[in-house]
Amino acid sequence: MDLLTVEEAAKLLKAHTNTVYKMCRQGRLPSVKMGREWRIDKEKLAASMKAGEHIQREAGDNATGIDFKPGHTLVLTETKEDVWDYEVNFFSENSRKGYLLYKGCWWQKPEQVRKVFAEKGFPVAKLEAAGDLAVDDLAAICKQSGPLAAADAWRSRAHWALKNGYKGMIGCGAPVIAACESEKDFFTFEEALDGFLDGLPVKGMCVYFLEGGQSLDWDASVRLMNLHGQVLFRTKTMDVVAEISKGYAELNN
């Protein structure tokens with residue numbers, strides 16, 4: 001019997017690993033739990049894929065399993081690879097819905113984003129050519145013109161989208177403190193972005209990784225929570241969402 005890891009099955013299914021874990025737990029994949037890890041029968045999975053059975057996502061399933069409200073959401077992941085997976089799945093689930101897709105680049109460079117997204121099956125070139133996806137180098141804008149200009153790039157794209165017949169904008173950025181001139185500039189950007197998006201039909205995701213403390217330390221993470229309306233804590237086996245409101249958080253699995 002040839003067994004696949006969750007990561008290998010996710011690549012075949014073009015799904016996030018969290019989706020695969022969920023399908024294993026629900027018995028929707030030919031899988032077995034070995035200790036703390038799941039393994040998927042490769043032959044049975046291939047047969048199911050060929051027959052179109054057992055692999056259809058449930059109605060409402062998306063990259064997060066959550067229908068985020070318009071506004072500014074903080075997403076905390078474990079590794080850089082988790083950031084890539086989250087963004088590709090998030091954009092895939094939200095394309096062709098009448099919204100402009102927007103990608104703000106920080107530690108990821110625009111050409112790297114186009115390359116990795118394409119490798120993961122997202123039609124980035126096609127959507128850019130059609131004008132349905134915009135990619136900005138926010139790190140370069142921040143260093144050249146300051147953090148307020150980087151935040152205003154989001155607002156400018158949103159207003160452009162509304163003027164050109166889109167319902168609004170759905171965007172992802174992956175900021176890091178090192179991409180700004182200082183930590184002060186970094187938090188100025190996040191605070192300004194939160195204000196700029198207020199009242200606009202925009203779902204804005206700021207996706208961070210905690211791997212080795214390279215993106216955020218815990219103090220910075222807590223400080224950022226106060227600058228976002230929602231927080232998604234994402235691990236390999238669980239998503240937890242916090243609604244940030246008036247000094248307290250309401251948690252939902």
# chains A, B, ... in the order shown; residues from 1 in each chain; ligands from 1
$ residues_around --residues "region 182-199 of chain A" --least-positions-apart "2" --cutoff "6 Å" --atoms "only C-alpha atoms" --output "mmCIF file with N, CA and C atoms, in the first residue's frame"
data_model
loop_
_atom_site.group_PDB
_atom_site.id
_atom_site.type_symbol
_atom_site.label_atom_id
_atom_site.label_comp_id
_atom_site.auth_asym_id
_atom_site.auth_seq_id
_atom_site.Cartn_x
_atom_site.Cartn_y
_atom_site.Cartn_z
ATOM 1 N N HIS A 72 -10.360 44.438 8.122
ATOM 2 C CA HIS A 72 -8.918 44.214 8.244
ATOM 3 C C HIS A 72 -8.692 43.021 9.159
ATOM 4 N N PRO A 147 5.385 54.720 5.066
ATOM 5 C CA PRO A 147 4.342 53.741 5.385
ATOM 6 C C PRO A 147 2.933 54.180 5.019
ATOM 7 N N LEU A 148 2.655 55.479 5.081
ATOM 8 C CA LEU A 148 1.319 55.943 4.729
ATOM 9 C C LEU A 148 1.039 55.727 3.246
ATOM 10 N N ALA A 151 0.140 52.085 2.765
ATOM 11 C CA ALA A 151 -1.248 51.824 3.167
ATOM 12 C C ALA A 151 -2.225 52.417 2.158
ATOM 13 N N ILE A 177 8.337 43.325 9.666
ATOM 14 C CA ILE A 177 8.921 44.550 10.216
ATOM 15 C C ILE A 177 10.144 44.966 9.425
ATOM 16 N N CYS A 180 10.182 47.532 6.439
ATOM 17 C CA CYS A 180 10.041 48.963 6.676
ATOM 18 C C CYS A 180 11.348 49.516 7.237
ATOM 19 N N LEU A 227 -5.012 46.243 16.060
ATOM 20 C CA LEU A 227 -5.144 47.012 14.820
ATOM 21 C C LEU A 227 -5.937 46.246 13.765
#
$ select_by_dssp --residues "region 8-243 of chain A" --states "alpha helix (DSSP H)" --output "ChimeraX atom specification"
/A:8-13,17-25,42-51,80-94,110-119,124-129,138-145,147-163,183-197,218-225
$ residues_around --residues "region 26-33 of chain A" --least-positions-apart "4" --cutoff "7 Å" --atoms "only C-alpha atoms" --output "number ranges by chain"
A: 22, 37-41, 44-45, 54-55
$ residues_around --residues "Val20 (chain A)" --least-positions-apart "2" --cutoff "9 Å" --atoms "only C-alpha atoms" --output "ChimeraX atom specification"
/A:6-7,9-10,13,15-18,22-25,29
$ write_last_selection --atoms "N, CA and C atoms" --output "mmCIF file, in the first residue's frame"
data_model
loop_
_atom_site.group_PDB
_atom_site.id
_atom_site.type_symbol
_atom_site.label_atom_id
_atom_site.label_comp_id
_atom_site.auth_asym_id
_atom_site.auth_seq_id
_atom_site.Cartn_x
_atom_site.Cartn_y
_atom_site.Cartn_z
ATOM 1 N N VAL A 6 -0.244 14.112 4.429
ATOM 2 C CA VAL A 6 -1.271 15.142 4.215
ATOM 3 C C VAL A 6 -0.776 16.182 3.217
ATOM 4 N N GLU A 7 0.491 16.571 3.329
ATOM 5 C CA GLU A 7 1.046 17.573 2.423
ATOM 6 C C GLU A 7 1.036 17.069 0.979
ATOM 7 N N ALA A 9 -0.962 14.752 -0.325
ATOM 8 C CA ALA A 9 -2.358 14.681 -0.782
ATOM 9 C C ALA A 9 -2.899 16.068 -1.099
ATOM 10 N N ALA A 10 -2.515 17.050 -0.299
ATOM 11 C CA ALA A 10 -2.982 18.423 -0.537
ATOM 12 C C ALA A 10 -2.522 18.931 -1.898
ATOM 13 N N LEU A 13 -4.673 17.321 -4.569
ATOM 14 C CA LEU A 13 -6.040 17.846 -4.548
ATOM 15 C C LEU A 13 -6.105 19.348 -4.793
ATOM 16 N N ALA A 15 -5.515 21.597 -2.616
ATOM 17 C CA ALA A 15 -6.268 22.085 -1.456
ATOM 18 C C ALA A 15 -5.282 22.424 -0.349
ATOM 19 N N HIS A 16 -5.730 23.218 0.623
ATOM 20 C CA HIS A 16 -4.893 23.518 1.774
ATOM 21 C C HIS A 16 -4.795 22.283 2.656
ATOM 22 N N THR A 17 -3.677 22.141 3.347
ATOM 23 C CA THR A 17 -3.492 20.987 4.235
ATOM 24 C C THR A 17 -4.584 20.933 5.306
ATOM 25 N N ASN A 18 -5.066 22.104 5.773
ATOM 26 C CA ASN A 18 -6.152 22.096 6.762
ATOM 27 C C ASN A 18 -7.406 21.435 6.221
ATOM 28 N N LYS A 22 -9.220 18.027 7.685
ATOM 29 C CA LYS A 22 -10.655 18.007 7.970
ATOM 30 C C LYS A 22 -11.328 16.839 7.263
ATOM 31 N N MET A 23 -10.982 16.616 5.991
ATOM 32 C CA MET A 23 -11.589 15.527 5.223
ATOM 33 C C MET A 23 -11.199 14.168 5.786
ATOM 34 N N CYS A 24 -9.964 14.046 6.300
ATOM 35 C CA CYS A 24 -9.551 12.790 6.932
ATOM 36 C C CYS A 24 -10.372 12.528 8.190
ATOM 37 N N ARG A 25 -10.514 13.559 9.015
ATOM 38 C CA ARG A 25 -11.271 13.395 10.267
ATOM 39 C C ARG A 25 -12.724 13.049 10.004
ATOM 40 N N LEU A 29 -11.879 10.958 3.024
ATOM 41 C CA LEU A 29 -10.721 10.495 2.258
ATOM 42 C C LEU A 29 -10.338 9.094 2.732
#
$ residues_around --residues "Ala179 (chain A)" --least-positions-apart "3" --cutoff "7 Å" --atoms "only C-alpha atoms" --output "list of chain:residue names"
A:Trp106, A:Trp107, A:Ala139, A:Val176
$ residues_around --residues "Asp85 (chain A)" --least-positions-apart "2" --cutoff "12 Å" --atoms "only C-alpha atoms" --output "short mmCIF file (atom, residue, chain, number, x, y, z; two decimals) with C-alpha atoms, in the first residue's frame"
data_model
loop_
_atom_site.label_atom_id
_atom_site.label_comp_id
_atom_site.auth_asym_id
_atom_site.auth_seq_id
_atom_site.Cartn_x
_atom_site.Cartn_y
_atom_site.Cartn_z
CA GLU A 7 1.05 17.57 2.42
CA ALA A 10 -2.98 18.42 -0.54
CA LYS A 11 -0.78 19.02 -3.59
CA LYS A 14 -4.86 21.46 -4.91
CA ALA A 15 -6.27 22.09 -1.46
CA HIS A 16 -4.89 23.52 1.77
CA THR A 17 -3.49 20.99 4.23
CA ASN A 18 -6.15 22.10 6.76
CA THR A 19 -8.84 21.02 4.29
CA ALA A 63 -9.24 28.48 2.32
CA THR A 64 -10.10 29.32 5.91
CA THR A 77 0.55 31.09 10.50
CA GLU A 78 3.52 28.94 11.45
CA THR A 79 5.88 29.05 8.45
CA LYS A 80 6.59 30.93 5.23
CA GLU A 81 5.20 28.01 3.24
CA ASP A 82 1.95 28.33 5.20
CA VAL A 83 1.73 31.95 4.01
CA GLU A 87 -2.72 33.19 -0.02
CA VAL A 88 -3.10 30.89 -3.03
CA ASN A 89 -6.11 29.16 -1.51
CA PHE A 90 -7.65 32.44 -0.37
CA PHE A 91 -7.34 34.01 -3.82
CA SER A 92 -8.55 30.83 -5.55
CA VAL A 113 4.64 35.83 -6.26
CA VAL A 116 5.01 30.57 -6.95
CA PHE A 117 1.29 31.25 -7.47
CA GLU A 119 3.36 26.74 -9.73
CA LYS A 120 0.59 26.17 -7.21
CA GLY A 121 -2.06 26.28 -9.94
CA PHE A 122 -3.37 29.83 -9.57
CA VAL A 207 -0.73 37.18 6.76
CA PHE A 209 4.43 33.67 9.93
CA ARG A 234 -3.84 28.89 11.89
CA LYS A 236 -1.78 22.39 10.74
#
$ residues_around --residues "Ser156 (chain A)" --least-positions-apart "3" --cutoff "12 Å" --atoms "only C-alpha atoms" --output "ChimeraX atom specification"
/A:102,134,136,148-153,159-163,168-169,193,196-197,200,202
$ write_last_selection --atoms "N, CA and C atoms" --output "compact mmCIF listing (two decimals), in the first residue's frame"
# COMPACT_ATOMS: atom_id res chain seq x y z
N TYR A 102 -6.27 41.66 -4.95
CA TYR A 102 -5.12 42.53 -4.74
C TYR A 102 -4.07 41.82 -3.90
N ALA A 134 -4.39 42.77 -9.19
CA ALA A 134 -3.35 43.81 -9.14
C ALA A 134 -2.29 43.39 -8.13
N ASP A 136 1.18 44.86 -6.14
CA ASP A 136 2.00 46.02 -5.82
C ASP A 136 3.18 45.62 -4.93
N LEU A 148 2.66 55.48 5.08
CA LEU A 148 1.32 55.94 4.73
C LEU A 148 1.04 55.73 3.25
N ALA A 149 2.07 55.90 2.42
CA ALA A 149 1.90 55.67 0.98
C ALA A 149 1.63 54.19 0.70
N ALA A 150 2.30 53.31 1.46
CA ALA A 150 2.07 51.87 1.29
C ALA A 150 0.64 51.51 1.67
N ALA A 151 0.14 52.09 2.77
CA ALA A 151 -1.25 51.82 3.17
C ALA A 151 -2.23 52.42 2.16
N ASP A 152 -1.89 53.60 1.62
CA ASP A 152 -2.78 54.26 0.67
C ASP A 152 -2.87 53.49 -0.65
N ALA A 153 -1.85 52.66 -0.95
CA ALA A 153 -1.92 51.84 -2.17
C ALA A 153 -3.13 50.92 -2.11
N HIS A 159 -10.59 52.08 -4.50
CA HIS A 159 -11.38 53.10 -5.19
C HIS A 159 -11.38 52.87 -6.70
N TRP A 160 -10.24 52.45 -7.25
CA TRP A 160 -10.17 52.13 -8.67
C TRP A 160 -11.14 50.99 -9.00
N ALA A 161 -11.18 49.98 -8.12
CA ALA A 161 -12.06 48.84 -8.35
C ALA A 161 -13.52 49.28 -8.40
N LEU A 162 -13.92 50.13 -7.47
CA LEU A 162 -15.31 50.59 -7.44
C LEU A 162 -15.66 51.43 -8.66
N LYS A 163 -14.73 52.26 -9.11
CA LYS A 163 -14.96 53.10 -10.29
C LYS A 163 -15.06 52.27 -11.57
N GLY A 168 -16.01 45.45 -5.09
CA GLY A 168 -15.09 45.89 -4.06
C GLY A 168 -13.75 45.22 -4.31
N MET A 169 -13.01 44.96 -3.25
CA MET A 169 -11.68 44.39 -3.39
C MET A 169 -11.42 43.34 -2.32
N LEU A 193 -3.59 51.45 7.57
CA LEU A 193 -4.37 50.55 6.73
C LEU A 193 -5.71 50.24 7.37
N PHE A 196 -7.83 53.25 6.71
CA PHE A 196 -8.14 53.44 5.29
C PHE A 196 -9.21 52.47 4.80
N LEU A 197 -9.22 51.24 5.34
CA LEU A 197 -10.17 50.24 4.88
C LEU A 197 -11.55 50.38 5.51
N LEU A 200 -15.01 50.72 3.54
CA LEU A 200 -14.88 50.30 2.14
C LEU A 200 -15.27 48.82 2.00
N VAL A 202 -14.02 46.06 1.28
CA VAL A 202 -12.72 45.41 1.12
C VAL A 202 -12.54 44.36 2.21
$ decode --residues "region 12-54 of chain A" --atoms "N, CA and C atoms" --output "CSV table (one decimal), in the first residue's frame"
chain,number,residue,atom,x,y,z
A,12,LEU,N,-1.9,17.1,-4.6
A,12,LEU,CA,-2.7,16.4,-5.6
A,12,LEU,C,-4.1,17.0,-5.7
A,13,LEU,N,-4.7,17.3,-4.6
A,13,LEU,CA,-6.0,17.8,-4.5
A,13,LEU,C,-6.1,19.3,-4.8
A,14,LYS,N,-4.9,20.0,-4.8
A,14,LYS,CA,-4.9,21.5,-4.9
A,14,LYS,C,-5.7,22.1,-3.8
A,15,ALA,N,-5.5,21.6,-2.6
A,15,ALA,CA,-6.3,22.1,-1.5
A,15,ALA,C,-5.3,22.4,-0.3
A,16,HIS,N,-5.7,23.2,0.6
A,16,HIS,CA,-4.9,23.5,1.8
A,16,HIS,C,-4.8,22.3,2.7
A,17,THR,N,-3.7,22.1,3.3
A,17,THR,CA,-3.5,21.0,4.2
A,17,THR,C,-4.6,20.9,5.3
A,18,ASN,N,-5.1,22.1,5.8
A,18,ASN,CA,-6.2,22.1,6.8
A,18,ASN,C,-7.4,21.4,6.2
A,19,THR,N,-7.7,21.6,4.9
A,19,THR,CA,-8.8,21.0,4.3
A,19,THR,C,-8.7,19.5,4.3
A,20,VAL,N,-7.5,19.1,4.0
A,20,VAL,CA,-7.2,17.6,3.9
A,20,VAL,C,-7.3,17.0,5.3
A,21,TYR,N,-6.8,17.7,6.3
A,21,TYR,CA,-7.0,17.2,7.7
A,21,TYR,C,-8.4,17.0,8.0
A,22,LYS,N,-9.2,18.0,7.7
A,22,LYS,CA,-10.7,18.0,8.0
A,22,LYS,C,-11.3,16.8,7.3
A,23,MET,N,-11.0,16.6,6.0
A,23,MET,CA,-11.6,15.5,5.2
A,23,MET,C,-11.2,14.2,5.8
A,24,CYS,N,-10.0,14.0,6.3
A,24,CYS,CA,-9.6,12.8,6.9
A,24,CYS,C,-10.4,12.5,8.2
A,25,ARG,N,-10.5,13.6,9.0
A,25,ARG,CA,-11.3,13.4,10.3
A,25,ARG,C,-12.7,13.0,10.0
A,26,GLN,N,-13.3,13.6,8.9
A,26,GLN,CA,-14.7,13.3,8.6
A,26,GLN,C,-14.9,12.0,7.8
A,27,GLY,N,-13.8,11.3,7.5
A,27,GLY,CA,-13.9,10.1,6.7
A,27,GLY,C,-14.2,10.3,5.3
A,28,ARG,N,-13.9,11.5,4.7
A,28,ARG,CA,-14.2,11.7,3.3
A,28,ARG,C,-13.0,11.4,2.4
A,29,LEU,N,-11.9,11.0,3.0
A,29,LEU,CA,-10.7,10.5,2.3
A,29,LEU,C,-10.3,9.1,2.7
A,30,PRO,N,-9.8,8.3,1.8
A,30,PRO,CA,-9.3,6.9,2.2
A,30,PRO,C,-8.1,7.0,3.1
A,31,SER,N,-8.2,7.2,4.4
A,31,SER,CA,-7.1,7.5,5.2
A,31,SER,C,-7.1,6.7,6.5
A,32,VAL,N,-5.9,6.7,7.1
A,32,VAL,CA,-5.7,6.0,8.4
A,32,VAL,C,-4.8,6.9,9.3
A,33,LYS,N,-5.1,7.0,10.6
A,33,LYS,CA,-4.3,7.7,11.5
A,33,LYS,C,-3.3,6.9,12.1
A,34,MET,N,-2.0,7.3,11.9
A,34,MET,CA,-0.9,6.6,12.5
A,34,MET,C,-0.2,7.4,13.5
A,35,GLY,N,-0.5,7.1,14.8
A,35,GLY,CA,0.0,8.0,15.9
A,35,GLY,C,-0.7,9.3,15.8
A,36,ARG,N,0.0,10.4,15.6
A,36,ARG,CA,-0.6,11.7,15.5
A,36,ARG,C,-0.8,12.2,14.0
A,37,GLU,N,-0.3,11.4,13.1
A,37,GLU,CA,-0.3,11.8,11.7
A,37,GLU,C,-1.3,11.0,10.9
A,38,TRP,N,-1.9,11.6,9.8
A,38,TRP,CA,-2.8,10.9,8.9
A,38,TRP,C,-2.0,10.5,7.7
A,39,ARG,N,-2.4,9.3,7.1
A,39,ARG,CA,-1.8,8.9,5.9
A,39,ARG,C,-3.0,8.5,4.9
A,40,ILE,N,-2.8,8.8,3.7
A,40,ILE,CA,-3.9,8.7,2.7
A,40,ILE,C,-3.5,7.6,1.7
A,41,ASP,N,-4.4,6.7,1.4
A,41,ASP,CA,-4.1,5.6,0.4
A,41,ASP,C,-4.0,6.2,-1.0
A,42,LYS,N,-2.9,6.2,-1.6
A,42,LYS,CA,-2.7,6.8,-2.9
A,42,LYS,C,-3.6,6.2,-4.0
A,43,GLU,N,-3.6,4.9,-4.1
A,43,GLU,CA,-4.4,4.3,-5.1
A,43,GLU,C,-5.9,4.6,-5.0
A,44,LYS,N,-6.4,4.5,-3.7
A,44,LYS,CA,-7.8,4.7,-3.5
A,44,LYS,C,-8.2,6.2,-3.8
A,45,LEU,N,-7.2,7.1,-3.4
A,45,LEU,CA,-7.4,8.5,-3.7
A,45,LEU,C,-7.5,8.8,-5.1
A,46,ALA,N,-6.6,8.2,-5.9
A,46,ALA,CA,-6.5,8.4,-7.4
A,46,ALA,C,-7.8,7.9,-8.0
A,47,ALA,N,-8.3,6.7,-7.5
A,47,ALA,CA,-9.6,6.2,-8.0
A,47,ALA,C,-10.8,7.1,-7.7
A,48,SER,N,-10.8,7.7,-6.5
A,48,SER,CA,-11.8,8.6,-6.1
A,48,SER,C,-11.8,9.9,-6.9
A,49,MET,N,-10.6,10.4,-7.2
A,49,MET,CA,-10.4,11.6,-8.0
A,49,MET,C,-10.9,11.3,-9.4
A,50,LYS,N,-10.6,10.1,-10.0
A,50,LYS,CA,-11.0,9.8,-11.3
A,50,LYS,C,-12.5,9.7,-11.4
A,51,ALA,N,-13.1,9.1,-10.4
A,51,ALA,CA,-14.6,9.0,-10.4
A,51,ALA,C,-15.3,10.3,-9.9
A,52,GLY,N,-14.5,11.2,-9.4
A,52,GLY,CA,-15.1,12.5,-9.0
A,52,GLY,C,-15.9,12.3,-7.7
A,53,GLU,N,-15.5,11.3,-6.9
A,53,GLU,CA,-16.2,11.0,-5.6
A,53,GLU,C,-15.3,11.4,-4.4
A,54,HIS,N,-16.0,11.7,-3.3
A,54,HIS,CA,-15.4,11.9,-2.0
A,54,HIS,C,-14.4,13.1,-1.9
